[in-house]
$ cat query.cif   # mmCIF, C-alpha atoms and all ligand atoms; chains and numbers go by the auth columns
data_data
loop_
_atom_site.group_PDB
_atom_site.id
_atom_site.type_symbol
_atom_site.label_atom_id
_atom_site.label_comp_id
_atom_site.label_asym_id
_atom_site.label_seq_id
_atom_site.Cartn_x
_atom_site.Cartn_y
_atom_site.Cartn_z
_atom_site.B_iso_or_equiv
_atom_site.auth_seq_id
_atom_site.auth_asym_id
ATOM 1 C CA MET A 1 -27.520 -4.559 11.790 0.00 7 A
ATOM 2 C CA ASN A 2 -27.357 -7.818 13.681 0.00 8 A
ATOM 3 C CA PRO A 3 -30.823 -8.272 15.254 0.00 9 A
ATOM 4 C CA GLY A 4 -29.221 -9.563 18.457 0.00 10 A
ATOM 5 C CA GLN A 5 -27.125 -6.419 18.841 0.00 11 A
ATOM 6 C CA LEU A 6 -28.359 -3.749 21.258 0.00 12 A
ATOM 7 C CA ASN A 7 -28.877 -0.372 19.578 0.00 13 A
ATOM 8 C CA LEU A 8 -29.682 3.088 20.873 0.00 14 A
ATOM 9 C CA GLY A 9 -33.423 2.764 20.214 0.00 15 A
ATOM 10 C CA GLN A 10 -33.655 -0.397 22.296 0.00 16 A
ATOM 11 C CA LEU A 11 -31.547 1.120 25.058 0.00 17 A
ATOM 12 C CA LEU A 12 -33.808 4.169 25.357 0.00 18 A
ATOM 13 C CA ARG A 13 -36.807 1.841 25.521 0.00 19 A
ATOM 14 C CA ARG A 14 -35.370 -0.468 28.209 0.00 20 A
ATOM 15 C CA HIS A 15 -34.630 -3.178 25.685 0.00 21 A
ATOM 16 C CA GLY A 16 -37.847 -2.621 23.767 0.00 22 A
ATOM 17 C CA THR A 17 -40.445 -3.652 26.367 0.00 23 A
ATOM 18 C CA PRO A 18 -43.902 -2.941 24.837 0.00 24 A
ATOM 19 C CA HIS A 19 -46.134 -0.383 26.555 0.00 25 A
ATOM 20 C CA PRO A 20 -49.595 -1.714 27.555 0.00 26 A
ATOM 21 C CA ASP A 21 -51.544 1.239 26.040 0.00 27 A
ATOM 22 C CA THR A 22 -49.971 1.378 22.584 0.00 28 A
ATOM 23 C CA GLU A 23 -48.073 -0.540 19.957 0.00 29 A
ATOM 24 C CA GLY A 24 -45.899 2.577 19.612 0.00 30 A
ATOM 25 C CA LEU A 25 -42.289 2.479 20.783 0.00 31 A
ATOM 26 C CA THR A 26 -42.142 4.379 24.044 0.00 32 A
ATOM 27 C CA ILE A 27 -39.064 6.030 25.533 0.00 33 A
ATOM 28 C CA THR A 28 -38.474 5.101 29.143 0.00 34 A
ATOM 29 C CA HIS A 29 -34.953 6.438 29.791 0.00 35 A
ATOM 30 C CA ALA A 30 -35.710 10.144 29.951 0.00 36 A
ATOM 31 C CA ARG A 31 -32.251 11.371 30.951 0.00 37 A
ATOM 32 C CA ALA A 32 -30.504 9.155 28.415 0.00 38 A
ATOM 33 C CA TYR A 33 -32.909 10.470 25.748 0.00 39 A
ATOM 34 C CA GLU A 34 -32.057 14.065 26.643 0.00 40 A
ATOM 35 C CA PHE A 35 -28.363 13.288 26.471 0.00 41 A
ATOM 36 C CA CYS A 36 -28.718 11.586 23.072 0.00 42 A
ATOM 37 C CA GLY A 37 -30.869 14.468 21.813 0.00 43 A
ATOM 38 C CA ALA A 38 -28.141 16.945 22.676 0.00 44 A
ATOM 39 C CA VAL A 39 -25.387 14.787 21.126 0.00 45 A
ATOM 40 C CA CYS A 40 -27.260 13.781 17.951 0.00 46 A
ATOM 41 C CA PHE A 41 -28.232 17.376 17.155 0.00 47 A
ATOM 42 C CA GLY A 42 -24.605 18.405 17.615 0.00 48 A
ATOM 43 C CA GLY A 43 -25.470 21.607 19.464 0.00 49 A
ATOM 44 C CA LEU A 44 -28.230 22.570 16.988 0.00 50 A
ATOM 45 C CA ARG A 45 -31.154 21.297 19.072 0.00 51 A
ATOM 46 C CA PRO A 46 -32.140 24.631 20.721 0.00 52 A
ATOM 47 C CA ARG A 47 -32.108 26.411 17.374 0.00 53 A
ATOM 48 C CA ALA A 48 -33.928 23.584 15.550 0.00 54 A
ATOM 49 C CA TYR A 49 -36.736 23.361 18.110 0.00 55 A
ATOM 50 C CA ALA A 50 -37.107 27.145 18.383 0.00 56 A
ATOM 51 C CA ARG A 51 -37.546 27.156 14.601 0.00 57 A
ATOM 52 C CA LEU A 52 -40.174 24.373 14.774 0.00 58 A
ATOM 53 C CA ALA A 53 -42.059 26.347 17.415 0.00 59 A
ATOM 54 C CA ARG A 54 -42.139 29.390 15.097 0.00 60 A
ATOM 55 C CA LEU A 55 -43.121 27.248 12.083 0.00 61 A
ATOM 56 C CA SER A 56 -46.120 25.887 14.006 0.00 62 A
ATOM 57 C CA GLY A 57 -47.835 29.247 13.543 0.00 63 A
ATOM 58 C CA ALA A 58 -48.769 29.399 17.262 0.00 64 A
ATOM 59 C CA ARG A 59 -49.466 32.856 18.649 0.00 65 A
ATOM 60 C CA SER A 60 -49.882 34.445 22.040 0.00 66 A
ATOM 61 C CA GLY A 61 -52.948 33.040 23.807 0.00 67 A
ATOM 62 C CA ASP A 62 -53.220 29.856 21.701 0.00 68 A
ATOM 63 C CA ARG A 63 -53.987 26.401 23.114 0.00 69 A
ATOM 64 C CA VAL A 64 -51.311 23.970 21.897 0.00 70 A
ATOM 65 C CA LEU A 65 -51.097 20.174 22.030 0.00 71 A
ATOM 66 C CA ASP A 66 -47.737 18.375 21.606 0.00 72 A
ATOM 67 C CA VAL A 67 -48.301 14.694 20.711 0.00 73 A
ATOM 68 C CA GLY A 68 -45.485 12.314 21.747 0.00 74 A
ATOM 69 C CA CYS A 69 -43.891 15.153 23.731 0.00 75 A
ATOM 70 C CA GLY A 70 -41.197 12.971 25.321 0.00 76 A
ATOM 71 C CA THR A 71 -39.205 15.078 27.795 0.00 77 A
ATOM 72 C CA GLY A 72 -41.153 18.216 26.817 0.00 78 A
ATOM 73 C CA TYR A 73 -38.358 19.994 24.927 0.00 79 A
ATOM 74 C CA LEU A 74 -40.722 21.318 22.235 0.00 80 A
ATOM 75 C CA THR A 75 -43.692 21.707 24.611 0.00 81 A
ATOM 76 C CA ARG A 76 -41.741 24.220 26.713 0.00 82 A
ATOM 77 C CA ARG A 77 -40.826 26.208 23.604 0.00 83 A
ATOM 78 C CA MET A 78 -44.472 26.243 22.575 0.00 84 A
ATOM 79 C CA ALA A 79 -45.416 27.479 26.068 0.00 85 A
ATOM 80 C CA LYS A 80 -42.993 30.372 25.664 0.00 86 A
ATOM 81 C CA ILE A 81 -44.646 31.427 22.391 0.00 87 A
ATOM 82 C CA VAL A 82 -48.253 31.231 23.627 0.00 88 A
ATOM 83 C CA GLY A 83 -47.458 32.924 26.960 0.00 89 A
ATOM 84 C CA PRO A 84 -49.429 32.701 30.215 0.00 90 A
ATOM 85 C CA GLY A 85 -52.655 33.646 28.388 0.00 91 A
ATOM 86 C CA GLY A 86 -52.421 30.415 26.398 0.00 92 A
ATOM 87 C CA SER A 87 -51.586 26.807 27.229 0.00 93 A
ATOM 88 C CA ALA A 88 -49.249 24.056 26.079 0.00 94 A
ATOM 89 C CA LEU A 89 -50.103 20.435 26.858 0.00 95 A
ATOM 90 C CA GLY A 90 -47.695 17.587 26.121 0.00 96 A
ATOM 91 C CA ILE A 91 -48.907 14.000 25.983 0.00 97 A
ATOM 92 C CA ASP A 92 -46.874 10.785 25.857 0.00 98 A
ATOM 93 C CA PRO A 93 -47.606 7.172 26.909 0.00 99 A
ATOM 94 C CA SER A 94 -44.399 6.973 28.931 0.00 100 A
ATOM 95 C CA VAL A 95 -44.839 7.805 32.618 0.00 101 A
ATOM 96 C CA GLU A 96 -41.057 8.199 32.918 0.00 102 A
ATOM 97 C CA VAL A 97 -40.737 10.975 30.317 0.00 103 A
ATOM 98 C CA ILE A 98 -43.884 12.740 31.558 0.00 104 A
ATOM 99 C CA GLU A 99 -42.509 12.856 35.102 0.00 105 A
ATOM 100 C CA TYR A 100 -39.181 14.140 33.776 0.00 106 A
ATOM 101 C CA ALA A 101 -40.957 16.830 31.695 0.00 107 A
ATOM 102 C CA ARG A 102 -42.953 17.971 34.742 0.00 108 A
ATOM 103 C CA ARG A 103 -39.763 18.294 36.803 0.00 109 A
ATOM 104 C CA LYS A 104 -38.158 20.418 34.056 0.00 110 A
ATOM 105 C CA THR A 105 -41.091 22.803 33.688 0.00 111 A
ATOM 106 C CA ARG A 106 -41.753 25.931 35.751 0.00 112 A
ATOM 107 C CA GLU A 107 -44.551 27.632 33.796 0.00 113 A
ATOM 108 C CA PRO A 108 -48.050 26.811 35.128 0.00 114 A
ATOM 109 C CA HIS A 109 -49.530 27.108 31.622 0.00 115 A
ATOM 110 C CA CYS A 110 -47.293 24.232 30.421 0.00 116 A
ATOM 111 C CA SER A 111 -48.541 20.815 31.526 0.00 117 A
ATOM 112 C CA TYR A 112 -48.201 17.123 30.687 0.00 118 A
ATOM 113 C CA GLU A 113 -50.404 14.049 30.712 0.00 119 A
ATOM 114 C CA THR A 114 -49.911 10.421 29.850 0.00 120 A
ATOM 115 C CA GLY A 115 -51.821 9.480 26.716 0.00 121 A
ATOM 116 C CA VAL A 116 -51.530 8.002 23.249 0.00 122 A
ATOM 117 C CA GLY A 117 -51.715 9.818 19.924 0.00 123 A
ATOM 118 C CA GLU A 118 -54.072 7.253 18.392 0.00 124 A
ATOM 119 C CA ALA A 119 -56.759 7.821 21.068 0.00 125 A
ATOM 120 C CA LEU A 120 -56.526 11.387 22.377 0.00 126 A
ATOM 121 C CA SER A 121 -58.681 12.133 25.410 0.00 127 A
ATOM 122 C CA ALA A 122 -59.276 15.807 24.441 0.00 128 A
ATOM 123 C CA PRO A 123 -62.703 16.882 23.131 0.00 129 A
ATOM 124 C CA ASP A 124 -63.243 17.816 19.462 0.00 130 A
ATOM 125 C CA GLY A 125 -61.879 21.202 18.391 0.00 131 A
ATOM 126 C CA SER A 126 -60.166 21.963 21.689 0.00 132 A
ATOM 127 C CA PHE A 127 -56.772 23.195 20.363 0.00 133 A
ATOM 128 C CA ASP A 128 -55.622 26.011 18.080 0.00 134 A
ATOM 129 C CA VAL A 129 -52.344 24.273 17.202 0.00 135 A
ATOM 130 C CA VAL A 130 -51.147 20.654 17.294 0.00 136 A
ATOM 131 C CA VAL A 131 -47.439 19.848 17.007 0.00 137 A
ATOM 132 C CA THR A 132 -45.650 16.523 16.921 0.00 138 A
ATOM 133 C CA CYS A 133 -41.922 15.983 16.536 0.00 139 A
ATOM 134 C CA LEU A 134 -39.994 12.736 16.040 0.00 140 A
ATOM 135 C CA ALA A 135 -43.029 10.768 17.219 0.00 141 A
ATOM 136 C CA MET A 136 -44.608 9.475 13.978 0.00 142 A
ATOM 137 C CA HIS A 137 -41.761 7.033 13.331 0.00 143 A
ATOM 138 C CA HIS A 138 -42.401 5.573 16.808 0.00 144 A
ATOM 139 C CA LEU A 139 -45.874 4.445 15.707 0.00 145 A
ATOM 140 C CA PRO A 140 -46.524 1.315 13.642 0.00 146 A
ATOM 141 C CA GLU A 141 -47.409 2.234 10.057 0.00 147 A
ATOM 142 C CA ASP A 142 -51.093 1.370 10.427 0.00 148 A
ATOM 143 C CA VAL A 143 -51.407 3.539 13.567 0.00 149 A
ATOM 144 C CA ARG A 144 -49.986 6.727 11.965 0.00 150 A
ATOM 145 C CA PRO A 145 -53.183 7.551 9.994 0.00 151 A
ATOM 146 C CA VAL A 146 -55.275 6.975 13.128 0.00 152 A
ATOM 147 C CA ALA A 147 -53.101 9.396 15.128 0.00 153 A
ATOM 148 C CA LEU A 148 -53.298 12.053 12.381 0.00 154 A
ATOM 149 C CA ARG A 149 -57.092 11.756 12.259 0.00 155 A
ATOM 150 C CA GLU A 150 -57.131 12.250 16.027 0.00 156 A
ATOM 151 C CA MET A 151 -55.001 15.399 15.652 0.00 157 A
ATOM 152 C CA TYR A 152 -57.516 16.630 13.059 0.00 158 A
ATOM 153 C CA ARG A 153 -60.431 15.920 15.406 0.00 159 A
ATOM 154 C CA VAL A 154 -58.989 17.841 18.380 0.00 160 A
ATOM 155 C CA LEU A 155 -57.994 20.889 16.265 0.00 161 A
ATOM 156 C CA ARG A 156 -60.556 23.654 15.889 0.00 162 A
ATOM 157 C CA PRO A 157 -61.576 24.497 12.316 0.00 163 A
ATOM 158 C CA GLY A 158 -58.873 26.828 10.972 0.00 164 A
ATOM 159 C CA GLY A 159 -56.337 25.397 13.449 0.00 165 A
ATOM 160 C CA ARG A 160 -52.743 24.574 12.469 0.00 166 A
ATOM 161 C CA LEU A 161 -50.735 21.334 12.461 0.00 167 A
ATOM 162 C CA LEU A 162 -46.954 20.963 12.432 0.00 168 A
ATOM 163 C CA VAL A 163 -45.501 17.463 11.980 0.00 169 A
ATOM 164 C CA ALA A 164 -41.713 17.082 12.069 0.00 170 A
ATOM 165 C CA ASP A 165 -39.786 13.854 11.822 0.00 171 A
ATOM 166 C CA PHE A 166 -36.484 12.249 11.002 0.00 172 A
ATOM 167 C CA ARG A 167 -35.094 12.837 7.510 0.00 173 A
ATOM 168 C CA GLN A 168 -32.685 10.210 6.212 0.00 174 A
ATOM 169 C CA PRO A 169 -29.162 11.559 5.633 0.00 175 A
ATOM 170 C CA ARG A 170 -28.412 12.064 1.933 0.00 176 A
ATOM 171 C CA THR A 171 -25.150 10.130 1.825 0.00 177 A
ATOM 172 C CA ARG A 172 -25.155 6.343 2.071 0.00 178 A
ATOM 173 C CA PRO A 173 -22.276 5.963 4.603 0.00 179 A
ATOM 174 C CA VAL A 174 -23.966 8.397 7.026 0.00 180 A
ATOM 175 C CA ARG A 175 -27.267 6.511 6.545 0.00 181 A
ATOM 176 C CA HIS A 176 -25.518 3.258 7.492 0.00 182 A
ATOM 177 C CA VAL A 177 -23.994 4.793 10.604 0.00 183 A
ATOM 178 C CA ILE A 178 -27.363 6.204 11.704 0.00 184 A
ATOM 179 C CA ALA A 179 -29.061 2.852 11.065 0.00 185 A
ATOM 180 C CA ALA A 180 -26.415 1.007 13.080 0.00 186 A
ATOM 181 C CA ILE A 181 -26.742 3.400 15.998 0.00 187 A
ATOM 182 C CA THR A 182 -30.507 3.898 16.084 0.00 188 A
ATOM 183 C CA GLY A 183 -31.765 0.546 14.815 0.00 189 A
ATOM 184 C CA HIS A 184 -34.349 -0.783 12.397 0.00 190 A
ATOM 185 C CA VAL A 185 -37.197 1.695 12.896 0.00 191 A
ATOM 186 C CA MET A 186 -35.323 4.877 12.035 0.00 192 A
ATOM 187 C CA ALA A 187 -33.322 3.160 9.305 0.00 193 A
ATOM 188 C CA HIS A 188 -36.518 2.218 7.441 0.00 194 A
ATOM 189 C CA TYR A 189 -38.563 5.321 8.125 0.00 195 A
ATOM 190 C CA ARG A 190 -39.513 7.392 5.059 0.00 196 A
ATOM 191 C CA VAL A 191 -40.524 10.887 6.115 0.00 197 A
ATOM 192 C CA GLU A 192 -41.822 11.561 2.569 0.00 198 A
ATOM 193 C CA THR A 193 -44.883 9.408 3.374 0.00 199 A
ATOM 194 C CA LEU A 194 -46.104 12.095 5.798 0.00 200 A
ATOM 195 C CA ASP A 195 -47.502 14.315 3.032 0.00 201 A
ATOM 196 C CA GLY A 196 -50.014 11.704 1.869 0.00 202 A
ATOM 197 C CA LEU A 197 -51.011 10.708 5.397 0.00 203 A
ATOM 198 C CA ILE A 198 -51.611 14.327 6.415 0.00 204 A
ATOM 199 C CA ALA A 199 -53.754 14.974 3.329 0.00 205 A
ATOM 200 C CA ASP A 200 -55.712 11.724 3.885 0.00 206 A
ATOM 201 C CA ALA A 201 -56.507 12.833 7.437 0.00 207 A
ATOM 202 C CA GLY A 202 -58.307 15.866 5.969 0.00 208 A
ATOM 203 C CA PHE A 203 -55.652 18.582 6.330 0.00 209 A
ATOM 204 C CA ALA A 204 -54.617 21.118 3.697 0.00 210 A
ATOM 205 C CA THR A 205 -50.822 21.293 3.467 0.00 211 A
ATOM 206 C CA ILE A 206 -49.501 24.848 3.546 0.00 212 A
ATOM 207 C CA GLY A 207 -45.737 24.319 3.691 0.00 213 A
ATOM 208 C CA ARG A 208 -42.896 21.879 4.054 0.00 214 A
ATOM 209 C CA GLY A 209 -39.142 21.988 4.405 0.00 215 A
ATOM 210 C CA ASP A 210 -36.054 20.867 6.291 0.00 216 A
ATOM 211 C CA VAL A 211 -34.648 21.881 9.639 0.00 217 A
ATOM 212 C CA ARG A 212 -30.997 21.062 10.099 0.00 218 A
ATOM 213 C CA PRO A 213 -29.561 18.625 10.873 0.00 219 A
ATOM 214 C CA TRP A 214 -32.123 15.791 10.718 0.00 220 A
ATOM 215 C CA LEU A 215 -35.684 17.021 10.469 0.00 221 A
ATOM 216 C CA ARG A 216 -38.281 17.448 7.753 0.00 222 A
ATOM 217 C CA TYR A 217 -41.500 19.260 8.619 0.00 223 A
ATOM 218 C CA VAL A 218 -44.962 19.615 7.110 0.00 224 A
ATOM 219 C CA GLN A 219 -47.242 22.531 8.013 0.00 225 A
ATOM 220 C CA ALA A 220 -50.961 22.022 7.486 0.00 226 A
ATOM 221 C CA SER A 221 -54.300 23.452 8.515 0.00 227 A
ATOM 222 C CA ARG A 222 -57.741 22.146 9.253 0.00 228 A
ATOM 223 C CA ALA A 223 -60.144 23.835 6.847 0.00 229 A
ATOM 224 C CA VAL A 224 -62.689 26.199 8.412 0.00 230 A
ATOM 225 C CA ARG A 225 -65.389 24.363 6.467 0.00 231 A
ATOM 226 C CA PRO A 226 -64.603 20.876 5.105 0.00 232 A
ATOM 227 C CA GLU A 227 -64.872 20.559 1.328 0.00 233 A
ATOM 228 C CA LYS A 228 -67.966 18.760 0.051 0.00 234 A
ATOM 229 C CA PRO A 229 -67.186 15.297 -1.345 0.00 235 A
HETATM 230 C C1 LIG B . -38.148 10.277 19.683 0.00 301 B
HETATM 231 S S1 LIG B . -39.266 10.707 20.958 0.00 301 B
HETATM 232 C C2 LIG B . -39.639 12.398 20.565 0.00 301 B
HETATM 233 C C3 LIG B . -39.929 13.194 21.800 0.00 301 B
HETATM 234 C C4 LIG B . -40.115 14.686 21.564 0.00 301 B
HETATM 235 N N1 LIG B . -41.257 14.967 20.738 0.00 301 B
HETATM 236 C C5 LIG B . -38.880 15.301 20.970 0.00 301 B
HETATM 237 O O1 LIG B . -38.938 15.832 19.852 0.00 301 B
HETATM 238 O O2 LIG B . -37.833 15.263 21.644 0.00 301 B
HETATM 239 C C6 LIG B . -40.767 9.862 20.471 0.00 301 B
HETATM 240 C C7 LIG B . -41.816 9.860 21.563 0.00 301 B
HETATM 241 O O3 LIG B . -43.010 9.246 21.062 0.00 301 B
HETATM 242 C C8 LIG B . -43.599 8.580 22.160 0.00 301 B
HETATM 243 N N2 LIG B . -44.634 7.636 21.728 0.00 301 B
HETATM 244 C C9 LIG B . -44.540 6.310 21.502 0.00 301 B
HETATM 245 N N3 LIG B . -45.747 5.792 21.200 0.00 301 B
HETATM 246 C C10 LIG B . -46.617 6.834 21.209 0.00 301 B
HETATM 247 C C11 LIG B . -48.028 6.940 20.995 0.00 301 B
HETATM 248 N N4 LIG B . -48.770 5.877 20.697 0.00 301 B
HETATM 249 N N5 LIG B . -48.592 8.159 21.125 0.00 301 B
HETATM 250 C C12 LIG B . -47.853 9.256 21.424 0.00 301 B
HETATM 251 N N6 LIG B . -46.519 9.202 21.633 0.00 301 B
HETATM 252 C C13 LIG B . -45.913 8.007 21.536 0.00 301 B
HETATM 253 C C14 LIG B . -42.408 7.938 22.858 0.00 301 B
HETATM 254 O O4 LIG B . -42.684 7.531 24.183 0.00 301 B
HETATM 255 C C15 LIG B . -41.388 9.051 22.783 0.00 301 B
HETATM 256 O O5 LIG B . -41.396 9.870 23.939 0.00 301 B
#

$ encode --input "query.cif" --output "structure tokens"
Amino acid sequence: MNPGQLNLGQLLRRHGTPHPDTEGLTITHARAYEFCGAVCFGGLRPRAYARLARLSGARSGDRVLDVGCGTGYLTRRMAKIVGPGGSALGIDPSVEVIEYARRKTREPHCSYETGVGEALSAPDGSFDVVVTCLAMHHLPEDVRPVALREMYRVLRPGGRLLVADFRQPRTRPVRHVIAAITGHVMAHYRVETLDGLIADAGFATIGRGDVRPWLRYVQASRAVRPEKP
């Protein structure tokens, strides 16, 4: 990819302007992101995200946090699962996507706040489930462990984590096309590194797998009592 060429990632981030609160790559074109989400998933987005919501292990009445929620597509699905007796909170540094998510949401138990994954404002142990989808590759490599430790901190003991992110296509020509369209960050992202990062943050991994067409997920839990060193 020619570095001077404008790719999709830069377009969705208004030519890559950095956000003052994070070194993460923030999305500022909410409607364009929604459009690209629909196109890139080729009609499989509703099914893929409904599956992620089920894989999170969330149940009726749970308190859920969605880190890097973007336009709230997964947050709303989480809100449906937990019902009005629970809550789903999406956080994202981008004011633009948070405002878009609020406009799209009817349920009072589904809400959004601006915030960054590497410094969550929630108190310790305040969620039953934390989910994050397609957000880890938006963080610089050295910030990913910090964000995962924050997710660990805000989960109650016994709480569940679901991390999903972009899985490189298996065939080289498709990989090249994706890299040309999306740009450097996605082209170089290795979702396999998530397993080690999640374990290092203190979680016990309980499952992993693929969700078509582009996602790999890891399910983990925060131990009820941490193991003694
Ligand atoms: C590709 S979007 C994914 C949005 C949504 N989770 C989804 O699956 O459609 C990545 C999101 O991560 C957000 N992001 C960037 N830096 C972040 C940070 N430091 N903390 C949390 N989210 C961040 C971006 O603003 C963007 O909305």

$ axis_aligned_box --input "query.cif" --around "ligand LIG 301 (chain B)" --padding-each-side "8 Å" --output "JSON"
{"center_x": -43.3, "center_y": 10.8, "center_z": 21.9, "size_x": 26.9, "size_y": 26.0, "size_z": 20.5}

$ residues_around --input "query.cif" --residues "Pro163 (chain A)" --least-positions-apart "3" --cutoff "10 Å" --atoms "only C-alpha atoms" --output "list of chain:residue names"
A:Asp130, A:Gly131, A:Ser132, A:Phe133, A:Asp134, A:Tyr158, A:Arg159, A:Val160, A:Arg166, A:Ser227, A:Arg228, A:Ala229, A:Val230, A:Arg231, A:Pro232

$ closest_residue --input "query.cif" --among "A:Val224, A:Pro219, A:Gly213, A:Cys75" --to "Gly49 (chain A)" --atoms "all atoms listed in the file"
A:Pro219

$ resolve_selection --input "query.cif" --expression "the PyMOL selection byres (((chain A and resi 106) around 9) and not hetatm)" --output "short mmCIF file (atom, residue, chain, number, x, y, z; two decimals) with C-alpha atoms, keeping the file's coordinate frame"
data_model
loop_
_atom_site.label_atom_id
_atom_site.label_comp_id
_atom_site.auth_asym_id
_atom_site.auth_seq_id
_atom_site.Cartn_x
_atom_site.Cartn_y
_atom_site.Cartn_z
CA ALA A 36 -35.71 10.14 29.95
CA ARG A 37 -32.25 11.37 30.95
CA GLY A 76 -41.20 12.97 25.32
CA THR A 77 -39.20 15.08 27.80
CA GLY A 78 -41.15 18.22 26.82
CA VAL A 101 -44.84 7.80 32.62
CA GLU A 102 -41.06 8.20 32.92
CA VAL A 103 -40.74 10.98 30.32
CA ILE A 104 -43.88 12.74 31.56
CA GLU A 105 -42.51 12.86 35.10
CA ALA A 107 -40.96 16.83 31.70
CA ARG A 108 -42.95 17.97 34.74
CA ARG A 109 -39.76 18.29 36.80
CA LYS A 110 -38.16 20.42 34.06
CA THR A 111 -41.09 22.80 33.69
#

$ closest_residue --input "query.cif" --among "A:Arg65, A:His143, A:Arg178, A:Arg83" --to "ligand LIG 301 (chain B)" --atoms "only C-alpha atoms and all ligand atoms"
A:His143

$ atom_distance --input "query.cif" --atom1 "CA of Pro146 (chain A)" --atom2 "atom C15 of ligand LIG 301 (chain B)"
13.0 Å

$ resolve_selection --input "query.cif" --expression "the PyMOL selection byres (((chain A and resi 55) around 12) and not hetatm)" --output "NGL selection string"
:A and (43-44 or 47 or 49-54 or 56-62 or 78-84 or 137-140 or 168 or 170-171 or 217-221 or 223)

$ residues_near_ligand --input "query.cif" --ligand "ligand LIG 301 (chain B)" --cutoff "6 Å" --atoms "all atoms listed in the file" --output "list in words"
Thr28, Gly30, Leu31, Thr32, Ile33, Val73, Gly74, Cys75, Gly76, Tyr79, Asp98, Pro99, Ser100, Val122, Gly123, Glu124, Cys139, Leu140, Ala141, His144 and Leu145 of chain A

$ closest_residue --input "query.cif" --among "A:Lys86, A:Arg112, A:Arg196, A:Arg214" --to "Leu167 (chain A)" --atoms "all atoms listed in the file"
A:Arg214

$ closest_residue --input "query.cif" --among "A:Gly89, A:Ala207, A:Arg150, A:Leu95" --to "Gly121 (chain A)" --atoms "only C-alpha atoms"
A:Leu95

$ atom_distance --input "query.cif" --atom1 "CA of Leu161 (chain A)" --atom2 "CA of Val136 (chain A)"
6.9 Å

$ resolve_selection --input "query.cif" --expression "the PyMOL selection byres (((chain A and resi 205) around 12) and not hetatm)" --output "PyMOL selection string"
chain A and resi 151+154-155+158+167+199-204+206-212+224-229

$ atom_distance --input "query.cif" --atom1 "CA of Val70 (chain A)" --atom2 "CA of Gly92 (chain A)"
7.9 Å

$ closest_residue --input "query.cif" --among "A:Thr188, A:Ile97, A:Val135, A:Asp27" --to "Tyr118 (chain A)" --atoms "only C-alpha atoms"
A:Ile97

$ closest_residue --input "query.cif" --among "A:Ala38, A:Pro26, A:Phe172, A:Ala94" --to "Met192 (chain A)" --atoms "all atoms listed in the file"
A:Phe172
